[in-house]
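Q: Structure: target_13.cif, mmCIF, N, CA and C atoms.
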data_data
loop_
_atom_site.label_atom_id
_atom_site.label_comp_id
_atom_site.auth_asym_id
_atom_site.auth_seq_id
_atom_site.Cartn_x
_atom_site.Cartn_y
_atom_site.Cartn_z
N MET A 868 107.12 109.56 86.71
CA MET A 868 106.49 109.04 87.91
C MET A 868 107.52 108.89 89.03
N GLU A 869 108.72 108.47 88.68
CA GLU A 869 109.75 108.30 89.72
C GLU A 869 110.02 109.61 90.45
N GLU A 870 110.03 110.70 89.69
CA GLU A 870 110.29 112.01 90.29
C GLU A 870 109.16 112.39 91.25
N ALA A 871 107.93 112.10 90.87
CA ALA A 871 106.79 112.39 91.75
C ALA A 871 106.86 111.55 93.02
N HIS A 872 107.27 110.28 92.90
CA HIS A 872 107.42 109.42 94.08
C HIS A 872 108.49 109.98 95.02
N LYS A 873 109.58 110.46 94.46
CA LYS A 873 110.65 111.03 95.27
C LYS A 873 110.16 112.27 96.01
N LEU A 874 109.39 113.11 95.33
CA LEU A 874 108.86 114.31 95.97
C LEU A 874 107.92 113.95 97.11
N LEU A 875 107.08 112.96 96.91
CA LEU A 875 106.19 112.52 97.98
C LEU A 875 106.99 112.03 99.18
N GLU A 876 108.02 111.26 98.92
CA GLU A 876 108.86 110.75 100.02
C GLU A 876 109.50 111.91 100.78
N GLN A 877 109.90 112.95 100.07
CA GLN A 877 110.54 114.10 100.71
C GLN A 877 109.61 114.83 101.66
N ILE A 878 108.31 114.83 101.37
CA ILE A 878 107.37 115.53 102.25
C ILE A 878 106.74 114.61 103.28
N GLY A 879 107.15 113.35 103.30
CA GLY A 879 106.69 112.44 104.34
C GLY A 879 105.56 111.52 103.94
N LEU A 880 105.27 111.42 102.65
CA LEU A 880 104.25 110.49 102.17
C LEU A 880 104.91 109.32 101.46
N GLU A 881 104.26 108.19 101.50
CA GLU A 881 104.78 107.02 100.80
C GLU A 881 104.53 107.20 99.30
N GLY A 882 105.54 106.90 98.50
CA GLY A 882 105.40 107.00 97.06
C GLY A 882 104.33 106.10 96.48
N GLN A 883 104.01 105.02 97.19
CA GLN A 883 102.99 104.08 96.73
C GLN A 883 101.60 104.70 96.70
N ARG A 884 101.43 105.87 97.34
CA ARG A 884 100.11 106.52 97.35
C ARG A 884 99.77 107.13 96.00
N LEU A 885 100.73 107.21 95.11
CA LEU A 885 100.52 107.78 93.79
C LEU A 885 100.77 106.70 92.74
N GLN A 886 99.77 106.45 91.94
CA GLN A 886 99.91 105.49 90.84
C GLN A 886 99.23 106.06 89.61
N MET A 887 99.73 105.69 88.44
CA MET A 887 99.12 106.09 87.19
C MET A 887 98.91 104.86 86.34
N ILE A 888 97.70 104.74 85.82
CA ILE A 888 97.40 103.63 84.92
C ILE A 888 96.77 104.19 83.66
N ASN A 889 96.98 103.51 82.55
CA ASN A 889 96.42 103.92 81.28
C ASN A 889 95.41 102.85 80.85
N ILE A 890 94.13 103.19 80.96
CA ILE A 890 93.07 102.24 80.66
C ILE A 890 92.04 102.93 79.78
N SER A 891 91.60 102.25 78.74
CA SER A 891 90.57 102.81 77.87
C SER A 891 89.19 102.59 78.48
N SER A 892 88.21 103.28 77.96
CA SER A 892 86.85 103.15 78.47
C SER A 892 86.27 101.77 78.21
N ALA A 893 86.88 101.00 77.32
CA ALA A 893 86.40 99.65 77.03
C ALA A 893 87.00 98.61 77.98
N MET A 894 87.79 99.04 78.94
CA MET A 894 88.47 98.11 79.84
C MET A 894 87.94 98.21 81.26
N ALA A 895 86.64 98.08 81.40
CA ALA A 895 86.00 98.24 82.71
C ALA A 895 86.53 97.24 83.73
N GLY A 896 86.72 96.00 83.33
CA GLY A 896 87.22 94.97 84.24
C GLY A 896 88.60 95.30 84.77
N GLN A 897 89.48 95.75 83.89
CA GLN A 897 90.83 96.11 84.30
C GLN A 897 90.82 97.33 85.22
N PHE A 898 89.90 98.28 84.94
CA PHE A 898 89.79 99.46 85.79
C PHE A 898 89.36 99.05 87.20
N ALA A 899 88.34 98.21 87.28
CA ALA A 899 87.85 97.76 88.60
C ALA A 899 88.96 97.05 89.36
N PHE A 900 89.72 96.21 88.67
CA PHE A 900 90.82 95.49 89.30
C PHE A 900 91.89 96.46 89.82
N ALA A 901 92.28 97.43 88.97
CA ALA A 901 93.31 98.40 89.36
C ALA A 901 92.82 99.26 90.53
N ALA A 902 91.56 99.66 90.51
CA ALA A 902 91.01 100.47 91.60
C ALA A 902 91.00 99.68 92.90
N ALA A 903 90.65 98.41 92.83
CA ALA A 903 90.64 97.57 94.04
C ALA A 903 92.05 97.38 94.58
N GLU A 904 93.02 97.19 93.69
CA GLU A 904 94.41 97.05 94.13
C GLU A 904 94.92 98.32 94.81
N LEU A 905 94.62 99.47 94.22
CA LEU A 905 95.07 100.73 94.81
C LEU A 905 94.39 100.96 96.15
N THR A 906 93.11 100.66 96.24
CA THR A 906 92.39 100.80 97.51
C THR A 906 93.02 99.93 98.59
N ALA A 907 93.34 98.69 98.24
CA ALA A 907 93.97 97.78 99.21
C ALA A 907 95.33 98.31 99.64
N GLU A 908 96.09 98.87 98.73
CA GLU A 908 97.41 99.41 99.06
C GLU A 908 97.28 100.61 100.00
N ILE A 909 96.34 101.49 99.73
CA ILE A 909 96.13 102.66 100.58
C ILE A 909 95.68 102.22 101.97
N GLU A 910 94.79 101.24 102.04
CA GLU A 910 94.36 100.74 103.35
C GLU A 910 95.51 100.11 104.11
N ARG A 911 96.40 99.41 103.39
CA ARG A 911 97.57 98.82 104.02
C ARG A 911 98.50 99.90 104.58
N LEU A 912 98.65 101.01 103.84
CA LEU A 912 99.52 102.09 104.28
C LEU A 912 98.93 102.86 105.47
N GLY A 913 97.63 102.87 105.57
CA GLY A 913 96.98 103.56 106.68
C GLY A 913 96.75 105.03 106.39
N PRO A 914 96.29 105.76 107.40
CA PRO A 914 95.99 107.18 107.21
C PRO A 914 97.23 107.97 106.80
N SER A 915 96.99 109.07 106.14
CA SER A 915 98.08 109.94 105.72
C SER A 915 98.83 110.45 106.94
N PRO A 916 100.16 110.37 106.93
CA PRO A 916 100.93 110.90 108.05
C PRO A 916 100.89 112.43 108.10
N LEU A 917 100.41 113.07 107.04
CA LEU A 917 100.34 114.53 107.02
C LEU A 917 99.01 115.05 107.55
N ARG A 918 98.02 114.19 107.63
CA ARG A 918 96.71 114.60 108.14
C ARG A 918 96.74 114.58 109.65
N PRO A 919 96.33 115.70 110.27
CA PRO A 919 96.32 115.71 111.75
C PRO A 919 95.31 114.70 112.27
N ARG A 920 95.69 114.04 113.35
CA ARG A 920 94.79 113.06 113.96
C ARG A 920 93.68 113.79 114.68
N ARG A 921 92.47 113.27 114.50
CA ARG A 921 91.33 113.88 115.17
C ARG A 921 91.19 113.27 116.55
N GLU A 922 90.93 114.14 117.52
CA GLU A 922 90.71 113.68 118.88
C GLU A 922 89.31 113.08 118.96
N PRO A 923 89.15 112.00 119.72
CA PRO A 923 87.81 111.44 119.88
C PRO A 923 86.93 112.43 120.63
N ALA A 924 85.65 112.44 120.27
CA ALA A 924 84.71 113.34 120.93
C ALA A 924 84.58 112.95 122.39
N PRO A 925 84.55 113.94 123.28
CA PRO A 925 84.40 113.60 124.70
C PRO A 925 83.02 112.98 124.93
N SER A 926 82.98 111.97 125.77
CA SER A 926 81.70 111.33 126.05
C SER A 926 80.95 112.13 127.09
N CYS A 927 79.64 112.19 126.90
CA CYS A 927 78.80 112.90 127.87
C CYS A 927 78.37 111.92 128.94
N LYS A 928 78.50 112.32 130.18
CA LYS A 928 78.02 111.49 131.28
C LYS A 928 76.50 111.60 131.30
N GLU A 929 75.89 110.56 131.81
CA GLU A 929 74.43 110.54 131.86
C GLU A 929 73.94 111.74 132.66
N GLY A 930 73.00 112.49 132.06
CA GLY A 930 72.43 113.64 132.73
C GLY A 930 73.27 114.90 132.58
N ALA A 931 74.42 114.79 131.94
CA ALA A 931 75.29 115.96 131.80
C ALA A 931 75.37 116.42 130.33
N HIS A 932 74.26 116.35 129.63
CA HIS A 932 74.24 116.74 128.22
C HIS A 932 74.26 118.26 128.13
N PRO A 933 74.95 118.79 127.14
CA PRO A 933 74.99 120.25 126.98
C PRO A 933 73.56 120.79 126.82
N GLY A 934 73.27 121.84 127.50
CA GLY A 934 71.96 122.46 127.42
C GLY A 934 70.91 121.84 128.34
N ALA A 935 71.28 120.77 129.02
CA ALA A 935 70.31 120.14 129.91
C ALA A 935 70.29 120.86 131.25
N GLY A 936 69.11 120.95 131.82
CA GLY A 936 69.01 121.43 133.18
C GLY A 936 68.72 122.82 133.28
#
What do you get writing this file as structure tokens?
A:
Amino acid sequence: MEEAHKLLEQIGLEGQRLQMINISSAMAGQFAFAAAELTAEIERLGPSPLRPRREPAPSCKEGAHPGAG
């Protein structure tokens, strides 16, 4: 796992984005807890720095809708 974290860091991703847990199918509560923790960590880290940012859609002025007129 340490090697994978290092590789992620080298390409500009936080190593915390990768986690591995070993849970049996009888451990639903622990799975839910681990999934919630990972989700919170990813939300704390924010969007991937490798994903291009999307530009907001241009707003249409009233009466200037495409195809109108």
Q: At what distance in Å, to one decimal, does CA of Glu869 in chain A lie from CA of Thr906 in chain A?
A: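 Going from CA of Thr906 in chain A over to CA of Glu869 in chain A, I get 20.5 Å.
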Q: Residues near Ile890 in chain A, anyone? I mean within 12 Å using only C-alpha atoms, not counting same-chain ones fewer than 6 positions away, as a list in words.
A: Gly896, Gln897, Phe898, Ala899, Phe900, Ala901 and Ala902 of chain A
Q: Write out as a VMD selection string which residues come within 10 Å of Pro916 in chain A when counting only C-alpha atoms, dropping same-chain ones fewer than 6 positions away.
A: chain A and resid 878 to 881
Q: Can you tell me how far atom N of Ile888 in chain A sits from atom C of Ala903 in chain A, in Å to one decimal?
A: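 Going from atom N of Ile888 in chain A over to atom C of Ala903 in chain A, I get 12.8 Å.
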